[in-house]
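Enquirer: Contents of work_12.cif (mmCIF, C-alpha atoms and all ligand atoms) are given next:
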data_upload
#
loop_
_atom_site.label_atom_id
_atom_site.label_comp_id
_atom_site.auth_asym_id
_atom_site.auth_seq_id
_atom_site.Cartn_x
_atom_site.Cartn_y
_atom_site.Cartn_z
CA MET N 1 8.58 -14.24 11.60
CA SER N 2 10.69 -11.89 13.70
CA ARG N 3 9.37 -8.71 15.25
CA THR N 4 11.97 -6.11 16.11
CA THR N 5 11.97 -2.36 16.43
CA LYS N 6 12.88 -0.69 13.16
CA LYS N 7 13.35 2.65 11.53
CA VAL N 8 10.45 2.84 9.09
CA CYS N 9 9.73 5.36 6.33
CA ILE N 10 6.09 5.87 5.33
CA ILE N 11 5.73 7.43 1.89
CA GLY N 12 2.31 9.06 1.61
CA ALA N 13 2.00 9.33 5.40
CA SER N 14 -0.68 12.05 5.43
CA GLY N 15 -3.34 10.09 3.51
CA LYS N 16 -5.98 7.89 5.11
CA LEU N 17 -3.96 4.70 4.74
CA GLY N 18 -0.75 6.50 5.65
CA GLN N 19 -2.06 7.89 8.93
CA TYR N 20 -3.22 4.43 10.02
CA MET N 21 0.22 3.05 9.12
CA VAL N 22 1.92 5.74 11.19
CA GLN N 23 -0.21 4.77 14.20
CA HIS N 24 0.45 1.02 13.79
CA ALA N 25 4.18 1.59 13.32
CA LEU N 26 4.37 3.73 16.47
CA ASP N 27 2.32 1.13 18.38
CA ARG N 28 5.01 -1.41 17.47
CA GLY N 29 7.73 0.87 18.78
CA HIS N 30 9.18 1.71 15.37
CA GLU N 31 10.93 5.01 14.68
CA VAL N 32 8.90 6.69 11.94
CA VAL N 33 9.86 9.06 9.11
CA GLY N 34 6.91 10.30 7.04
CA VAL N 35 6.90 11.77 3.54
CA CYS N 36 3.97 13.89 2.43
CA ARG N 37 3.20 16.97 0.41
CA GLU N 38 4.15 20.12 2.31
CA ARG N 39 0.56 21.35 2.41
CA SER N 40 -0.60 18.05 3.93
CA ALA N 41 1.87 18.02 6.83
CA PRO N 42 -0.70 19.52 9.26
CA LYS N 43 -2.71 16.29 8.87
CA LEU N 44 0.09 14.65 10.88
CA ASP N 45 0.06 17.24 13.68
CA ARG N 46 -1.12 14.73 16.29
CA PHE N 47 2.06 12.70 15.69
CA ALA N 48 4.34 15.75 15.48
CA ASP N 49 6.42 15.02 18.57
CA ARG N 50 6.78 11.31 17.72
CA ILE N 51 7.72 11.23 14.02
CA SER N 52 9.93 13.19 11.67
CA ILE N 53 8.54 14.50 8.41
CA VAL N 54 10.28 15.05 5.10
CA PRO N 55 7.92 17.31 3.13
CA GLY N 56 7.68 17.03 -0.63
CA PRO N 57 6.16 15.17 -3.56
CA THR N 58 6.51 11.41 -3.11
CA ASN N 59 7.84 11.02 -6.66
CA ASP N 60 10.75 13.42 -6.03
CA PRO N 61 13.89 11.22 -5.94
CA GLU N 62 15.76 13.68 -3.71
CA VAL N 63 12.93 13.82 -1.16
CA VAL N 64 12.72 10.03 -1.11
CA ARG N 65 16.51 9.58 -0.93
CA GLN N 66 16.65 11.80 2.14
CA ALA N 67 13.66 10.13 3.83
CA VAL N 68 14.65 6.46 3.35
CA ALA N 69 18.27 6.88 4.48
CA GLY N 70 18.97 4.44 7.30
CA CYS N 71 15.49 2.90 7.18
CA ASP N 72 14.99 -0.86 7.63
CA GLY N 73 11.53 -0.70 6.10
CA VAL N 74 9.70 1.52 3.61
CA LEU N 75 5.90 1.50 3.38
CA THR N 76 4.74 3.18 0.18
CA VAL N 77 1.24 4.27 -0.79
CA LEU N 78 1.10 4.00 -4.57
CA ALA N 79 -1.27 6.83 -5.48
CA PRO N 80 -1.92 7.36 -9.19
CA TRP N 81 -2.71 11.07 -8.93
CA GLY N 82 -2.69 13.36 -11.94
CA VAL N 83 -1.14 12.50 -15.30
CA GLN N 84 2.45 12.81 -14.18
CA GLN N 85 3.71 9.22 -13.59
CA TYR N 86 3.15 9.78 -9.87
CA SER N 87 2.95 6.09 -8.90
CA SER N 88 5.79 4.86 -11.09
CA GLY N 89 7.95 7.84 -10.13
CA THR N 90 7.34 7.12 -6.45
CA ALA N 91 8.05 3.39 -6.82
CA GLN N 92 11.20 4.04 -8.83
CA ALA N 93 12.54 6.52 -6.28
CA VAL N 94 12.03 3.97 -3.50
CA LEU N 95 13.59 1.14 -5.52
CA ASP N 96 16.57 3.34 -6.37
CA HIS N 97 17.27 4.84 -2.96
CA ALA N 98 16.13 2.49 -0.18
CA GLU N 99 18.85 0.78 1.83
CA PRO N 100 19.94 -2.54 0.27
CA HIS N 101 18.61 -4.57 3.24
CA ALA N 102 15.31 -2.69 3.56
CA ARG N 103 11.92 -4.41 3.37
CA LEU N 104 9.81 -2.55 0.83
CA VAL N 105 6.02 -2.81 1.09
CA PHE N 106 3.78 -1.12 -1.49
CA SER N 107 -0.01 -0.65 -1.54
CA CYS N 108 -2.28 -0.99 -4.56
CA GLY N 109 -5.62 -2.52 -5.50
CA TRP N 110 -6.86 -5.90 -6.70
CA HIS N 111 -6.72 -4.73 -10.33
CA ILE N 112 -2.94 -5.26 -10.32
CA THR N 113 -1.98 -8.75 -11.52
CA ARG N 114 1.49 -10.23 -11.65
CA ASP N 115 1.11 -13.64 -13.23
CA GLY N 116 -2.20 -13.17 -15.05
CA GLN N 117 -3.80 -15.93 -12.94
CA ASP N 118 -6.24 -13.60 -11.18
CA ARG N 119 -9.88 -14.19 -12.11
CA TYR N 120 -11.95 -11.04 -12.14
CA SER N 121 -15.71 -10.74 -12.43
CA ARG N 122 -17.02 -8.99 -15.55
CA ARG N 123 -18.38 -6.28 -13.33
CA PHE N 124 -14.97 -5.69 -11.70
CA LEU N 125 -13.23 -5.47 -15.09
CA ALA N 126 -15.87 -3.15 -16.52
CA THR N 127 -15.58 -0.87 -13.50
CA VAL N 128 -11.77 -0.72 -13.73
CA ARG N 129 -11.96 0.05 -17.46
CA LEU N 130 -14.53 2.78 -16.92
CA VAL N 131 -12.69 4.35 -13.99
CA THR N 132 -9.37 4.21 -15.87
CA TRP N 133 -10.84 5.92 -18.92
CA LEU N 134 -12.88 8.53 -17.03
CA ALA N 135 -10.07 9.41 -14.61
CA LYS N 136 -7.56 9.83 -17.41
CA ALA N 137 -10.02 11.87 -19.48
CA VAL N 138 -10.31 14.45 -16.70
CA ARG N 139 -6.57 14.11 -16.00
CA ALA N 140 -7.25 13.31 -12.30
CA VAL N 141 -5.92 9.79 -11.87
CA GLU N 142 -3.66 7.59 -14.00
CA ILE N 143 -4.53 3.98 -13.14
CA ASP N 144 -2.24 2.68 -15.92
CA ASP N 145 0.69 4.27 -14.14
CA GLN N 146 0.01 2.20 -11.00
CA VAL N 147 0.23 -0.84 -13.31
CA GLU N 148 3.60 0.43 -14.57
CA ALA N 149 4.78 1.06 -11.00
CA CYS N 150 3.98 -2.53 -10.06
CA ARG N 151 5.65 -3.89 -13.20
CA ARG N 152 8.86 -2.20 -12.11
CA ILE N 153 8.52 -3.53 -8.57
CA PHE N 154 7.79 -7.09 -9.76
CA THR N 155 10.95 -7.13 -11.89
CA SER N 156 13.12 -5.73 -9.11
CA ASP N 157 15.37 -7.92 -6.98
CA ARG N 158 14.66 -5.76 -3.91
CA ARG N 159 12.94 -7.33 -0.88
CA TRP N 160 9.47 -6.18 -1.95
CA THR N 161 5.87 -7.06 -1.15
CA VAL N 162 2.94 -5.56 -3.06
CA VAL N 163 -0.22 -5.62 -0.94
CA ARG N 164 -3.34 -5.65 -3.11
CA GLY N 165 -6.27 -4.11 -1.27
CA SER N 166 -9.93 -5.01 -1.84
CA ASP N 167 -12.65 -2.36 -1.64
CA LEU N 168 -12.14 -0.46 1.60
CA GLU N 169 -14.38 0.74 4.41
CA GLU N 170 -13.83 2.66 7.61
CA GLY N 171 -14.54 1.16 11.01
CA PRO N 172 -12.78 -0.40 13.97
CA SER N 173 -10.12 -3.02 13.40
CA GLN N 174 -11.13 -6.64 12.81
CA GLY N 175 -7.52 -7.82 13.10
CA LEU N 176 -4.98 -8.83 10.47
CA PRO N 177 -6.69 -9.41 7.09
CA VAL N 178 -6.48 -12.82 5.45
CA TRP N 179 -4.96 -13.10 2.01
CA SER N 180 -4.69 -15.27 -1.02
CA ARG N 181 -2.46 -15.39 -4.07
CA HIS N 182 -5.14 -14.77 -6.64
CA VAL N 183 -8.21 -12.60 -6.95
CA GLY N 184 -11.06 -15.02 -7.65
CA ASP N 185 -10.05 -17.37 -4.83
CA PRO N 186 -13.17 -18.05 -2.71
CA ILE N 187 -11.70 -16.65 0.50
CA LEU N 188 -11.58 -13.19 -1.10
CA GLU N 189 -15.14 -13.16 -2.42
CA SER N 190 -16.48 -10.56 0.05
CA ASN N 191 -14.12 -7.92 -1.43
CA LEU N 192 -14.13 -5.68 1.65
CA THR N 193 -11.41 -4.72 4.14
CA ARG N 194 -11.29 -2.10 6.87
CA ARG N 195 -8.75 0.55 5.89
CA VAL N 196 -7.22 0.39 9.37
CA ASP N 197 -6.55 -3.32 8.77
CA PHE N 198 -5.07 -2.78 5.30
CA ALA N 199 -2.57 -0.55 7.13
CA LEU N 200 -2.04 -3.24 9.77
CA PHE N 201 -1.20 -5.78 7.05
CA MET N 202 1.30 -3.36 5.46
CA VAL N 203 3.09 -2.77 8.77
CA ALA N 204 3.00 -6.47 9.76
CA ALA N 205 4.53 -7.39 6.37
CA LEU N 206 7.76 -5.67 7.46
CA ASP N 207 8.31 -8.59 9.84
CA ASP N 208 7.05 -11.38 7.59
CA ASP N 209 9.77 -12.63 5.27
CA SER N 210 7.40 -15.22 3.79
CA LEU N 211 5.78 -12.27 1.98
CA VAL N 212 8.98 -11.22 0.20
CA HIS N 213 8.38 -11.27 -3.58
CA GLN N 214 4.66 -11.90 -3.04
CA GLU N 215 1.62 -9.84 -4.06
CA PRO N 216 -1.00 -10.90 -1.50
CA ALA N 217 -4.61 -9.94 -2.24
CA ILE N 218 -6.27 -9.20 1.08
CA VAL N 219 -9.77 -9.25 2.54
CA GLY N 220 -11.17 -8.44 5.98
CA ARG N 221 -10.60 -11.12 8.58
CA LEU N 222 -14.25 -11.08 9.68
CA SER N 223 -15.75 -10.73 6.20
CA PRO N 224 -18.19 -13.54 5.31
CA SER N 225 -15.89 -15.16 2.72
CA ALA N 226 -12.92 -15.10 5.11
CA THR N 227 -14.98 -16.57 7.91
CA ALA N 228 -16.29 -19.32 5.64
CA HIS N 229 -12.94 -20.27 4.07
CA ARG N 230 -10.32 -19.45 6.70
CA GLN N 231 -9.59 -23.11 7.35
CA GLN N 232 -8.44 -23.54 3.74
CA PRO N 233 -4.65 -23.83 3.63
CA GLU N 234 -3.90 -21.53 0.65
CA GLY N 235 -2.82 -18.17 1.96
CA ALA N 236 -4.98 -18.20 5.07
CA ARG N 237 -3.52 -16.14 7.89
N1 LIG J 1 -9.81 3.65 -1.99
C1 LIG J 1 -10.04 2.37 -2.23
O1 LIG J 1 -11.18 1.90 -2.26
C2 LIG J 1 -8.87 1.43 -2.45
C3 LIG J 1 -9.14 0.09 -2.73
C4 LIG J 1 -8.08 -0.79 -2.89
C5 LIG J 1 -6.78 -0.35 -2.78
N2 LIG J 1 -6.54 0.98 -2.53
C6 LIG J 1 -5.14 1.42 -2.42
O2 LIG J 1 -4.95 1.94 -1.12
C7 LIG J 1 -3.98 2.95 -1.15
C8 LIG J 1 -4.50 4.17 -0.42
O3 LIG J 1 -5.67 4.60 -1.05
P1 LIG J 1 -6.76 5.47 -0.30
O4 LIG J 1 -7.92 5.55 -1.25
O5 LIG J 1 -7.01 4.94 1.06
O6 LIG J 1 -6.13 6.90 -0.27
P2 LIG J 1 -5.24 7.62 0.82
O7 LIG J 1 -4.73 6.69 1.82
O8 LIG J 1 -6.02 8.78 1.32
O9 LIG J 1 -3.99 8.07 -0.02
C9 LIG J 1 -4.01 9.03 -0.98
C10 LIG J 1 -2.57 9.53 -1.10
O10 LIG J 1 -2.47 10.28 -2.26
C11 LIG J 1 -2.03 11.61 -1.94
N3 LIG J 1 -2.70 12.57 -2.82
C12 LIG J 1 -3.99 12.91 -2.85
N4 LIG J 1 -4.21 13.80 -3.83
C13 LIG J 1 -3.01 14.02 -4.42
C14 LIG J 1 -2.56 14.83 -5.50
N5 LIG J 1 -3.40 15.57 -6.19
N6 LIG J 1 -1.26 14.79 -5.82
C15 LIG J 1 -0.40 14.02 -5.14
N7 LIG J 1 -0.76 13.23 -4.12
C16 LIG J 1 -2.05 13.23 -3.76
C17 LIG J 1 -2.42 11.80 -0.52
O11 LIG J 1 -1.58 12.76 0.04
P3 LIG J 1 -2.12 14.07 0.72
O12 LIG J 1 -2.36 13.75 2.16
O13 LIG J 1 -1.00 15.01 0.48
O14 LIG J 1 -3.39 14.50 0.02
C18 LIG J 1 -2.17 10.40 0.05
O15 LIG J 1 -0.81 10.20 0.35
C19 LIG J 1 -3.61 3.17 -2.62
O16 LIG J 1 -2.43 2.47 -2.90
C20 LIG J 1 -4.79 2.54 -3.36
O17 LIG J 1 -4.38 2.04 -4.62
C21 LIG J 1 -7.56 1.88 -2.35
#
What is this file in structure tokens?
Expert:
Amino acid sequence: MSRTTKKVCIIGASGKLGQYMVQHALDRGHEVVGVCRERSAPKLDRFADRISIVPGPTNDPEVVRQAVAGCDGVLTVLAPWGVQQYSSGTAQAVLDHAEPHARLVFSCGWHITRDGQDRYSRRFLATVRLVTWLAKAVRAVEIDDQVEACRRIFTSDRRWTVVRGSDLEEGPSQGLPVWSRHVGDPILESNLTRRVDFALFMVAALDDDSLVHQEPAIVGRLSPSATAHRQQPEGAR
């Protein structure tokens, strides 16, 4: 793993996860370009003299093209807002316009599966189905489109990583989350990660080539299941 200073674009920089990623990236000495909706730019005021901002919808190819130019890494929050292919449009714009050498790291949730080997509890599946249906019915969130976004990423030959977040909570950092290849693995059982540490994992992935073409499912480093199983070889970090 090599850790060097980079120019990093954060797509969705004004959200909760995005703001943590901005802070971690600056802490590592990276140059940061943030993309966020124009009306959300004030949420980044505390970073104003240290980052540049390209305002606009994250699924606008022209906004993304401008923001990712010259960037060695792109951290993308896949947010399935509205019924407008927001996630897949955002992912496609990044895949189309990022520099050829760039490391691309995307965020999503445990519900995304690549190889079908994830084992979900009945309760988890029922909740995803209900949320998907309800959110689409009120035209607020399009979970299916985050699935489509990840399908496009998984079939891309770009240097991607898709980080699959567990349930999230706020609170001080517990350090880099642990991960495993499949939901259902015992180390992930606690299903809880601090949001600040989800962001830490995203930023750290820029320097971890062993995560290229992987979709790690993460859980908090100090969560009970991680503490109990961290000695297991599979995926422990
Ligand atoms: N929340 C969870 O429990 C959870 C669990 C597992 C994984 N994840 C994943 O973690 C990532 C971040 O999720 P989060 O819940 O922490 O949210 P978040 O970081 O606050 O991100 C929400 C993003 O969506 C944008 N957004 C909000 N409303 C919008 C709208 N109507 N139209 C367009 N963009 C809009 C926000 O931008 P503005 O600043 O402009 O509003 C922000 O960039 C996502 O990839 C999610 O799939 C979340």
Enquirer: Got a sec: who's within 8 Å of His229 in chain N, counting only C-alpha atoms, leaving out chain neighbours fewer than 4 positions off, as a ChimeraX atom specification?
Expert: /N:186-187,225
Enquirer: Nearest to ligand LIG 1 (chain J): which of N:Ala137, N:Val35, N:Ala25, N:Leu130 is it, counting all atoms listed in the file?
Expert: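 Using all atoms listed in the file, ligand LIG 1 (chain J) sits closest to N:Val35.
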Enquirer: Sorted by chain and rising residue number, which residues of chain N lie within 8 Å of ligand LIG 1 (chain J), and what are their closest atom pairs and distances in Å to one decimal, counting only C-alpha atoms and all ligand atoms, as CSV?
Expert:
residue,atom,partner,partner_atom,distance
N:Ile11,CA,J:LIG1,O15,7.3
N:Gly12,CA,J:LIG1,O15,3.6
N:Ala13,CA,J:LIG1,O15,5.8
N:Ser14,CA,J:LIG1,O12,4.1
N:Gly15,CA,J:LIG1,C18,3.7
N:Lys16,CA,J:LIG1,O7,3.7
N:Leu17,CA,J:LIG1,O7,3.6
N:Gly18,CA,J:LIG1,O7,5.5
N:Gln19,CA,J:LIG1,O7,7.7
N:Cys36,CA,J:LIG1,O13,5.5
N:Arg37,CA,J:LIG1,O13,4.6
N:Glu38,CA,J:LIG1,O13,7.5
N:Arg39,CA,J:LIG1,O13,6.8
N:Ser40,CA,J:LIG1,O13,4.6
N:Ala41,CA,J:LIG1,O13,7.6
N:Lys43,CA,J:LIG1,O12,7.2
N:Pro57,CA,J:LIG1,C15,6.8
N:Thr58,CA,J:LIG1,N7,7.6
N:Thr76,CA,J:LIG1,O16,7.8
N:Val77,CA,J:LIG1,O16,4.6
N:Leu78,CA,J:LIG1,O16,4.2
N:Ala79,CA,J:LIG1,O10,4.9
N:Pro80,CA,J:LIG1,O17,7.4
N:Trp81,CA,J:LIG1,N6,5.1
N:Gly82,CA,J:LIG1,N5,6.2
N:Tyr86,CA,J:LIG1,C15,7.3
N:Phe106,CA,J:LIG1,O16,7.3
N:Ser107,CA,J:LIG1,O16,4.2
N:Cys108,CA,J:LIG1,O17,3.7
N:Gly109,CA,J:LIG1,C5,3.7
N:Trp110,CA,J:LIG1,C4,6.5
N:Ala140,CA,J:LIG1,N5,7.6
N:Gln146,CA,J:LIG1,O17,7.7
N:Arg164,CA,J:LIG1,C5,6.3
N:Gly165,CA,J:LIG1,C5,4.1
N:Ser166,CA,J:LIG1,C4,4.7
N:Asp167,CA,J:LIG1,C3,4.4
N:Leu168,CA,J:LIG1,O1,4.6
N:Glu169,CA,J:LIG1,O1,7.5
N:Arg195,CA,J:LIG1,O5,6.8
N:Phe198,CA,J:LIG1,O2,8.0
Enquirer: Between N:Ala226, N:Ala91, N:Leu200, N:Val74, which is the closest to Ser180 in chain N once you count all atoms listed in the file?
Expert: N:Ala226
Enquirer: Provide the CA of Leu104 in chain N to CA of Gln23 in chain N distance in Å, to one decimal place.
Expert: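 Calculated distance between CA of Leu104 in chain N and CA of Gln23 in chain N is 18.2 Å.
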Enquirer: Which protein, DNA or RNA residues are at most 8 Å from (16.5, -3.0, 1.7) in the file's coordinates when you count all atoms listed in the file, listed as a PyMOL selection string?
Expert: chain N and resi 72-73+98-104+158-159
Enquirer: Return the single residue from N:Lys6, N:Arg28, N:Thr90, N:Pro42 that is closest to Gly70 in chain N, with distances computed using only C-alpha atoms.
Expert: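 With only C-alpha atoms as the atom set, the closest residue is N:Lys6.
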Enquirer: Excluding Gly89 in chain N and its own-chain neighbours fewer than 4 positions away, which residues fall within 7 Å of it when counting only C-alpha atoms? Please give them as a list of chain:residue names.
Expert: N:Asn59, N:Gln85, N:Ala93
Enquirer: So that I can see what lies close to Thr193 in chain N, please list as a short mmCIF file (atom, residue, chain, number, x, y, z; two decimals) with C-alpha atoms, in the coordinates of the input the residues with an atom at most 10 Å from it, counting all atoms listed in the file and leaving out residues fewer than 6 positions away in the same chain.
Expert:
data_model
loop_
_atom_site.label_atom_id
_atom_site.label_comp_id
_atom_site.auth_asym_id
_atom_site.auth_seq_id
_atom_site.Cartn_x
_atom_site.Cartn_y
_atom_site.Cartn_z
CA GLY N 165 -6.27 -4.11 -1.27
CA SER N 166 -9.93 -5.01 -1.84
CA ASP N 167 -12.65 -2.36 -1.64
CA LEU N 168 -12.14 -0.46 1.60
CA GLU N 169 -14.38 0.74 4.41
CA GLU N 170 -13.83 2.66 7.61
CA GLY N 171 -14.54 1.16 11.01
CA SER N 173 -10.12 -3.02 13.40
CA GLN N 174 -11.13 -6.64 12.81
CA LEU N 176 -4.98 -8.83 10.47
CA PRO N 177 -6.69 -9.41 7.09
CA VAL N 178 -6.48 -12.82 5.45
CA ILE N 218 -6.27 -9.20 1.08
CA VAL N 219 -9.77 -9.25 2.54
CA GLY N 220 -11.17 -8.44 5.98
CA ARG N 221 -10.60 -11.12 8.58
CA LEU N 222 -14.25 -11.08 9.68
CA SER N 223 -15.75 -10.73 6.20
#
Enquirer: Here is a test: counting only C-alpha atoms, which residue of N:Met21, N:Ala217, N:Leu95, N:Cys9 is nearest to Leu188 in chain N?
Expert: N:Ala217
Enquirer: So what do you get for CA of Leu44 in chain N versus CA of Val22 in chain N, distance-wise?
Expert: 9.1 Å
Enquirer: So how far away is CA of Pro55 in chain N from CA of Gly29 in chain N, in Å?
Expert: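 Computing the Euclidean distance for CA of Gly29 in chain N and CA of Pro55 in chain N yields 22.7 Å.
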Enquirer: Write out as a PyMOL selection string which residues come within 8 Å of range 112-119 of chain N when counting all atoms listed in the file, dropping same-chain ones fewer than 2 positions away.
Expert: chain N and resi 108-110+121+147+150-151+154+164+182-185+215
Enquirer: From the set N:Leu134, N:Ser210, N:Glu62, N:His24, which residue has the shortest atom-to-atom contact distance to Asp197 in chain N, counting all atoms listed in the file?
Expert: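 Smallest distance to Asp197 in chain N is found for N:His24.
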Enquirer: Between N:Ile53, N:Val105, N:Val128, N:Val33, which residue has the minimum interatomic distance to Leu75 in chain N, considering all atoms listed in the file?
Expert: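 Nearest to Leu75 in chain N: N:Val105.
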